[in-house]
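Working notes for the structure below.
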Amino acid sequence: MIGGGDWSEDRLIPDLVRAVEAGETLEIRSPQATRPWQHVLESLSGYLLLGQHLLEERRDAADAWNFGPDAEGNLSVADVLTELQRHWPELHWQIGSDPQPHEAGLLYLDSSKAKSRLDWRPVWPLDTALAATAAWYQAPLSAKPAVSRAQLQDYSAAAKQAGIAWARS
């Protein structure tokens, strides 16, 4: 999950932002680990759509769900950092040399059930999500106003243009 608001420790982008703020180079543990990257607004839209189905008392909605990116959203950590750096050239990282704890090499989310039964699908391609993430974290570092509201409006407009059911109403 990427996007603004995450300041947790041991998370790739928040750690990278802290390194930029401190003028340091971030050390990366597992550059070849592949993850399902998507903007937080993608999964939130899925959960809000699921909530709507539950409020409408659709019993088939009371189940486990995944809201993840399309296949092109599954990239290695190194690839995501390279793409993110296009939107934020000040980002710097290096591959760590210390032994690291075991991490899964590949994580993947199957969202086919959400797509077929809820008519949910991701709206933003990964490059748009990375640009929005960079902009969100850059704003407070450069004393610019918060961009959350504008990003939500951009996301909603993109969903509407893509013909996403929840955005049409």
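Quick note on naming: the chains in the structure tokens go A, B, ... in the order shown, residues restart at 1 in each chain, and ligands are numbered from 1 in order of appearance.
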Return as JSON lines the residues of segment 77-119 of chain A lying at most 9 Å from segment 50-72 of chain A, together with the closest atom-to-atom pair for each and the distance in Å to one decimal, counting only C-alpha atoms, with rows in chain order and ascending residue number.
{"residue": "A:Tyr108", "atom": "CA", "partner": "A:Gly68", "partner_atom": "CA", "distance": 8.2}
{"residue": "A:Leu109", "atom": "CA", "partner": "A:Gly68", "partner_atom": "CA", "distance": 5.5}
{"residue": "A:Asp110", "atom": "CA", "partner": "A:Asn66", "partner_atom": "CA", "distance": 6.4}
{"residue": "A:Ser111", "atom": "CA", "partner": "A:Asn66", "partner_atom": "CA", "distance": 5.1}
{"residue": "A:Ser112", "atom": "CA", "partner": "A:Asn66", "partner_atom": "CA", "distance": 8.3}
{"residue": "A:Lys113", "atom": "CA", "partner": "A:Trp65", "partner_atom": "CA", "distance": 7.3}
{"residue": "A:Ala114", "atom": "CA", "partner": "A:Trp65", "partner_atom": "CA", "distance": 6.5}
{"residue": "A:Lys115", "atom": "CA", "partner": "A:Phe67", "partner_atom": "CA", "distance": 8.7}
{"residue": "A:Arg117", "atom": "CA", "partner": "A:Ala61", "partner_atom": "CA", "distance": 8.4}
{"residue": "A:Leu118", "atom": "CA", "partner": "A:Leu50", "partner_atom": "CA", "distance": 7.2}
Let's have the selection written as a CSV table (one decimal), in the first residue's frame, with C-alpha atoms.
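Okay, result-v9.csv is ready:
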chain,number,residue,atom,x,y,z
A,108,TYR,CA,0.4,-11.3,-4.7
A,109,LEU,CA,-3.3,-10.4,-4.2
A,110,ASP,CA,-6.0,-12.1,-6.2
A,111,SER,CA,-8.8,-9.6,-6.6
A,112,SER,CA,-10.8,-11.5,-9.2
A,113,LYS,CA,-13.7,-12.1,-6.8
A,114,ALA,CA,-14.0,-8.3,-6.1
A,115,LYS,CA,-13.9,-7.6,-9.8
A,117,ARG,CA,-18.9,-9.9,-7.7
A,118,LEU,CA,-18.6,-6.3,-6.7
Tell me which protein, DNA and RNA residues are within 12 Å of Pro14 of chain A, counting only C-alpha atoms, leaving out same-chain ones fewer than 4 positions away, and put them as a PyMOL selection string. chain A and resi 1-10+18-21+26+91+133-134+136-138
Minimum-distance residue to Leu130 of chain A, chosen among A:Glu27, A:Asp15, A:Glu42, A:Glu83 (using only C-alpha atoms):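 So, comparing all the options, the nearest one is A:Glu83.
Atom to atom, atom CA of Leu75 of chain A and atom CA of Pro125 of chain A stand 12.5 Å apart.
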Atom CA of Leu44 of chain A to atom CA of Leu12 of chain A: how many Å, to one decimal?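 Between these atoms lies a distance of 20.2 Å.
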Identify all residues of chain A in strand (DSSP E) (DSSP on the backbone) and supply them as a list in words.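 Filtering chain A down to strand (DSSP E) leaves Leu26, Glu27, Ile28, Thr34, Arg35, Pro36, Asn74, Leu75, Ser76, Trp93, Gln94 and Ile95 of chain A.
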Preceding selection exported with C-alpha atoms as a compact mmCIF listing (two decimals), in the first residue's frame:
# COMPACT_ATOMS: atom_id res chain seq x y z
CA LEU A 26 18.15 4.66 2.67
CA GLU A 27 19.48 1.12 2.93
CA ILE A 28 17.18 -1.38 1.21
CA THR A 34 8.03 -8.34 -5.51
CA ARG A 35 4.96 -6.80 -3.95
CA PRO A 36 1.45 -5.79 -5.08
CA ASN A 74 3.31 -6.22 -9.03
CA LEU A 75 6.87 -4.91 -9.15
CA SER A 76 10.09 -5.43 -7.27
CA TRP A 93 18.90 4.37 -1.71
CA GLN A 94 21.45 1.61 -1.67
CA ILE A 95 21.28 -2.12 -1.20
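Distances here use only C-alpha atoms; by that measure, the residue among A:Arg149, A:Lys144, A:Arg168, A:His39 closest to Leu126 of chain A is A:His39.
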Measuring atom to atom with only C-alpha atoms, identify which of A:Ala135, A:Gly73, A:Gly105, A:Gln153 is nearest to Gln38 of chain A.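 Result for the nearest residue to Gln38 of chain A: A:Gly73.
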d(atom CA of Tyr155 of chain A, atom CA of Val40 of chain A) in Å: 10.8 Å
Taking the backbone alone, and naming residues the way the document does, which bits of chain A are alpha helix (DSSP H) by DSSP, as a PyMOL selection string? chain A and resi 12-22+40-55+77-87+112-117+126-141+148-161+165-168
Compare A:Ser45, A:Gln32, A:Ser156, A:Val80 by their minimum atom-to-atom distance to Ile13 of chain A, counting only C-alpha atoms, and give me the closest one. A:Val80
Taking only C-alpha atoms into account, which of A:Asp98, A:Trp120, A:Leu106, A:Pro145 comes nearest Ile164 of chain A?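 Of A:Asp98, A:Trp120, A:Leu106, A:Pro145, the one nearest Ile164 of chain A, counting only C-alpha atoms, is A:Trp120.
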Pick from A:Leu41, A:Ala150, A:Glu90, A:Gly96: nearest to Val17 of chain A, with only C-alpha atoms counted?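 Checking each candidate against Val17 of chain A, we get A:Glu90 as the closest.
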